[in-house]
Amino acid sequence: MLALGIETSCDETSAGIVDADGNVLANVVATQVDVHARYGGIVPEVASRQHVLDIRTVVQSALEKADTDWDGISAIAVTYGPGLAGSLIVGVNMAKGISASTGIPLVGVNHLDGHIYAAWARIAGASSDDSDMLDEVLRSGRGVMCLLVSGGHTELVLMRGDNDFELVGETRDDAAGEAFDKAARVLGLRYPGGPEIQRIADTVDSSDVEPLSRAWMRGTNDFSFSGIKTAVLNRARSEGIYPPPDGGIPAEKVASLARAFQDSVVDVLVTKTLAAADQYGCGAIVVAGGVAANRPLREAFRSQSPLPVVIPPISLCTDNGAMIAMSGMRRFAGGRRDGWGLDVEPGLRIGSAKPGY
Ligand code: KG4
Ligand code: ZN
């Protein structure tokens, strides 16, 4: 039994295939990063048109990579939200078209569930014990605390069972990835900002850097990242980094500020996630979404958490079809099917579908 997952919510056109055990047989991603880089961010109409151009080839090559044809596929999973409406429509219509012509059942997937289920996917070379351990924790009734950190979301999600998600904390303003992207812009770094900030921050040591403040939002499981964004802008102004000076941006100052920014964001994300896991008596932690690709964040979780932490390999952290296939496989196994009425839901939230539905 195989599930195909189609993902077009933002700026990656992707298709992945997993088997019933969650083994990833294919994960093809056509990224639009270069198309949008010159605008410094994603242009929705450009994104949806690029999906139209890429989707067929991407799905076809996923089938080839997995060495299967339509007869081998049991479910067509597709992201129906949240995301950009015009981008989501391309994937949903592709999935409906395939389902209509082949008779394979259609399963709508929440993109955010998909990011979390990436932790269950087994990719060649990665530990295959993680998904068994997570299922065992859920069976024991202890719950898994999931930190979802991407360009559009920063959320703490309590998972109590398969497809059973409850939002317990979220950002009140910017998402963590958005803060990385905006800070990078101030520092004269390319889009997307996360990998650029990580690369340049690596060139300096925390102990040589003047720290930036942390927004703890005490007494809540919520986050706030707009203050740190302003703090970066203010220090960049006072240090002559922004607006970019005629003689070129002073590289050392940029590296120090990038490091101080990253240290602050990582510290808050790790500390608050561990506190929430403790508060709800969880048995494990999952860190998911594009920002989970950040190496210092991964290292901080692994070194500071008293609980087992599962962080998907980087190729499954940023938007991809395999995570949608994985989530779709679990929904399909739980009896979920969608009809032709499946529409895109750009503002879809996590925990909005009942378990098993
Ligand atoms: O999950 P994702 O691919 O797309 C959304 O659903 O938003 O996340 C993209 C975000 C961007 O903001 C990007 O800057 C950030 O993930 N990101 C990183 C890293 N790699 C990607 N942030 C920090 N460090 C990284 N290494
Ligand atoms: Zn995403």
# chains A, B, ... in the order shown; residues from 1 in each chain; ligands from 1
$ residues_around --residues "A:Gly328" --least-positions-apart "5" --cutoff "7 Å" --atoms "only C-alpha atoms" --output "list in words"
Ala77, Val107 and Val109 of chain A
$ residues_near_ligand --ligand "ligand 2" --cutoff "7 Å" --atoms "only C-alpha atoms and all ligand atoms" --output "JSON, numbers by chain"
{"A": [111, 112, 115, 150, 151, 289, 290, 318, 319]}
$ atom_distance --atom1 "atom CA of A:Asn320" --atom2 "atom CA of A:Ser99"
20.3 Å
$ residues_near_ligand --ligand "ligand 1" --cutoff "9 Å" --atoms "only C-alpha atoms and all ligand atoms" --output "PyMOL selection string"
chain A and resi 9-12+82-83+111-112+115+148-153+175-182+184+191-199+262+288-297+314+317-320
$ closest_residue --among "A:Glu155, A:Asp162, A:Ser238, A:Val204" --to "A:Ser224" --atoms "only C-alpha atoms"
A:Glu155
$ select_by_dssp --residues "stretch 247-329 of chain A" --states "helix (DSSP H, G or I)" --output "VMD selection string"
chain A and resid 251 to 279 290 to 293 295 to 304 314 to 317 321 to 329
$ closest_residue --among "A:Leu316, A:Asp222, A:Ser264, A:Val59" --to "A:Val168" --atoms "only C-alpha atoms"
A:Asp222
$ closest_residue --among "A:Ser61, A:Ser256, A:Gln50, A:Gln32" --to "A:Leu4" --atoms "only C-alpha atoms"
A:Ser61
$ residues_around --residues "A:Phe332" --least-positions-apart "4" --cutoff "10 Å" --atoms "only C-alpha atoms" --output "JSON list (two decimals) with C-alpha atoms, in the first residue's frame"
[["chain", "number", "residue", "atom", "x", "y", "z"],
["A", 3, "ALA", "CA", 0.28, 6.96, -0.64],
["A", 74, "SER", "CA", -3.82, 3.46, -2.73],
["A", 75, "ALA", "CA", -4.41, 7.10, -1.76],
["A", 76, "ILE", "CA", -3.83, 10.57, -3.23],
["A", 77, "ALA", "CA", -3.06, 12.95, -0.36],
["A", 105, "PRO", "CA", -9.36, 7.84, -3.15],
["A", 106, "LEU", "CA", -8.60, 11.48, -2.36],
["A", 107, "VAL", "CA", -7.42, 12.53, 1.14],
["A", 108, "GLY", "CA", -7.10, 16.21, 2.09],
["A", 325, "ALA", "CA", 1.98, 11.45, 1.93],
["A", 326, "MET", "CA", 2.90, 10.35, 5.48],
["A", 327, "SER", "CA", 0.07, 12.34, 7.07],
["A", 328, "GLY", "CA", -2.31, 11.22, 4.31],
["A", 336, "ARG", "CA", -10.64, 9.45, 6.05],
["A", 337, "ARG", "CA", -11.75, 10.08, 2.45],
["A", 338, "ASP", "CA", -12.57, 13.37, 0.75],
["A", 356, "GLY", "CA", -10.39, 9.95, 12.48],
["A", 357, "TYR", "CA", -12.48, 12.30, 10.40]]
$ decode --residues "stretch 95-111 of chain A" --atoms "N, CA, C and O atoms" --output "PDB file, in the first residue's frame"
ATOM      1  N   ALA A  95      -4.695  16.751  -7.754  1.00  0.00           N
ATOM      2  CA  ALA A  95      -5.086  15.545  -7.002  1.00  0.00           C
ATOM      3  C   ALA A  95      -6.486  15.080  -7.417  1.00  0.00           C
ATOM      4  O   ALA A  95      -6.731  13.887  -7.604  1.00  0.00           O
ATOM      5  N   LYS A  96      -7.397  16.031  -7.568  1.00  0.00           N
ATOM      6  CA  LYS A  96      -8.756  15.658  -7.988  1.00  0.00           C
ATOM      7  C   LYS A  96      -8.742  15.055  -9.393  1.00  0.00           C
ATOM      8  O   LYS A  96      -9.463  14.089  -9.671  1.00  0.00           O
ATOM      9  N   GLY A  97      -7.934  15.627 -10.265  1.00  0.00           N
ATOM     10  CA  GLY A  97      -7.846  15.123 -11.641  1.00  0.00           C
ATOM     11  C   GLY A  97      -7.345  13.684 -11.663  1.00  0.00           C
ATOM     12  O   GLY A  97      -7.900  12.827 -12.359  1.00  0.00           O
ATOM     13  N   ILE A  98      -6.308  13.417 -10.864  1.00  0.00           N
ATOM     14  CA  ILE A  98      -5.762  12.055 -10.812  1.00  0.00           C
ATOM     15  C   ILE A  98      -6.817  11.104 -10.239  1.00  0.00           C
ATOM     16  O   ILE A  98      -7.060  10.018 -10.761  1.00  0.00           O
ATOM     17  N   SER A  99      -7.450  11.557  -9.146  1.00  0.00           N
ATOM     18  CA  SER A  99      -8.445  10.718  -8.487  1.00  0.00           C
ATOM     19  C   SER A  99      -9.613  10.417  -9.438  1.00  0.00           C
ATOM     20  O   SER A  99     -10.093   9.283  -9.505  1.00  0.00           O
ATOM     21  N   ALA A 100     -10.042  11.436 -10.191  1.00  0.00           N
ATOM     22  CA  ALA A 100     -11.171  11.247 -11.111  1.00  0.00           C
ATOM     23  C   ALA A 100     -10.820  10.260 -12.222  1.00  0.00           C
ATOM     24  O   ALA A 100     -11.633   9.432 -12.617  1.00  0.00           O
ATOM     25  N   SER A 101      -9.588  10.334 -12.715  1.00  0.00           N
ATOM     26  CA  SER A 101      -9.253   9.491 -13.864  1.00  0.00           C
ATOM     27  C   SER A 101      -8.809   8.087 -13.463  1.00  0.00           C
ATOM     28  O   SER A 101      -8.877   7.168 -14.269  1.00  0.00           O
ATOM     29  N   THR A 102      -8.371   7.905 -12.215  1.00  0.00           N
ATOM     30  CA  THR A 102      -7.876   6.579 -11.814  1.00  0.00           C
ATOM     31  C   THR A 102      -8.797   5.875 -10.820  1.00  0.00           C
ATOM     32  O   THR A 102      -8.657   4.675 -10.604  1.00  0.00           O
ATOM     33  N   GLY A 103      -9.666   6.638 -10.143  1.00  0.00           N
ATOM     34  CA  GLY A 103     -10.527   6.038  -9.117  1.00  0.00           C
ATOM     35  C   GLY A 103      -9.836   5.882  -7.767  1.00  0.00           C
ATOM     36  O   GLY A 103     -10.411   5.329  -6.827  1.00  0.00           O
ATOM     37  N   ILE A 104      -8.598   6.389  -7.632  1.00  0.00           N
ATOM     38  CA  ILE A 104      -7.886   6.281  -6.344  1.00  0.00           C
ATOM     39  C   ILE A 104      -8.464   7.315  -5.377  1.00  0.00           C
ATOM     40  O   ILE A 104      -8.651   8.475  -5.742  1.00  0.00           O
ATOM     41  N   PRO A 105      -8.755   6.900  -4.110  1.00  0.00           N
ATOM     42  CA  PRO A 105      -9.361   7.838  -3.148  1.00  0.00           C
ATOM     43  C   PRO A 105      -8.508   9.077  -2.874  1.00  0.00           C
ATOM     44  O   PRO A 105      -7.269   9.023  -2.878  1.00  0.00           O
ATOM     45  N   LEU A 106      -9.212  10.177  -2.620  1.00  0.00           N
ATOM     46  CA  LEU A 106      -8.601  11.483  -2.359  1.00  0.00           C
ATOM     47  C   LEU A 106      -8.618  11.749  -0.848  1.00  0.00           C
ATOM     48  O   LEU A 106      -9.629  11.511  -0.189  1.00  0.00           O
ATOM     49  N   VAL A 107      -7.499  12.228  -0.294  1.00  0.00           N
ATOM     50  CA  VAL A 107      -7.424  12.527   1.137  1.00  0.00           C
ATOM     51  C   VAL A 107      -6.827  13.923   1.315  1.00  0.00           C
ATOM     52  O   VAL A 107      -5.661  14.148   0.974  1.00  0.00           O
ATOM     53  N   GLY A 108      -7.604  14.862   1.841  1.00  0.00           N
ATOM     54  CA  GLY A 108      -7.102  16.212   2.087  1.00  0.00           C
ATOM     55  C   GLY A 108      -6.242  16.229   3.349  1.00  0.00           C
ATOM     56  O   GLY A 108      -6.583  15.586   4.338  1.00  0.00           O
ATOM     57  N   VAL A 109      -5.117  16.948   3.292  1.00  0.00           N
ATOM     58  CA  VAL A 109      -4.194  16.998   4.428  1.00  0.00           C
ATOM     59  C   VAL A 109      -3.936  18.445   4.835  1.00  0.00           C
ATOM     60  O   VAL A 109      -3.722  19.313   3.989  1.00  0.00           O
ATOM     61  N   ASN A 110      -3.974  18.687   6.144  1.00  0.00           N
ATOM     62  CA  ASN A 110      -3.575  19.975   6.707  1.00  0.00           C
ATOM     63  C   ASN A 110      -2.036  20.052   6.635  1.00  0.00           C
ATOM     64  O   ASN A 110      -1.345  19.171   7.157  1.00  0.00           O
ATOM     65  N   HIS A 111      -1.517  21.085   6.002  1.00  0.00           N
ATOM     66  CA  HIS A 111      -0.068  21.255   5.824  1.00  0.00           C
ATOM     67  C   HIS A 111       0.683  21.164   7.164  1.00  0.00           C
ATOM     68  O   HIS A 111       1.792  20.628   7.236  1.00  0.00           O
TER      69      HIS A 111
END
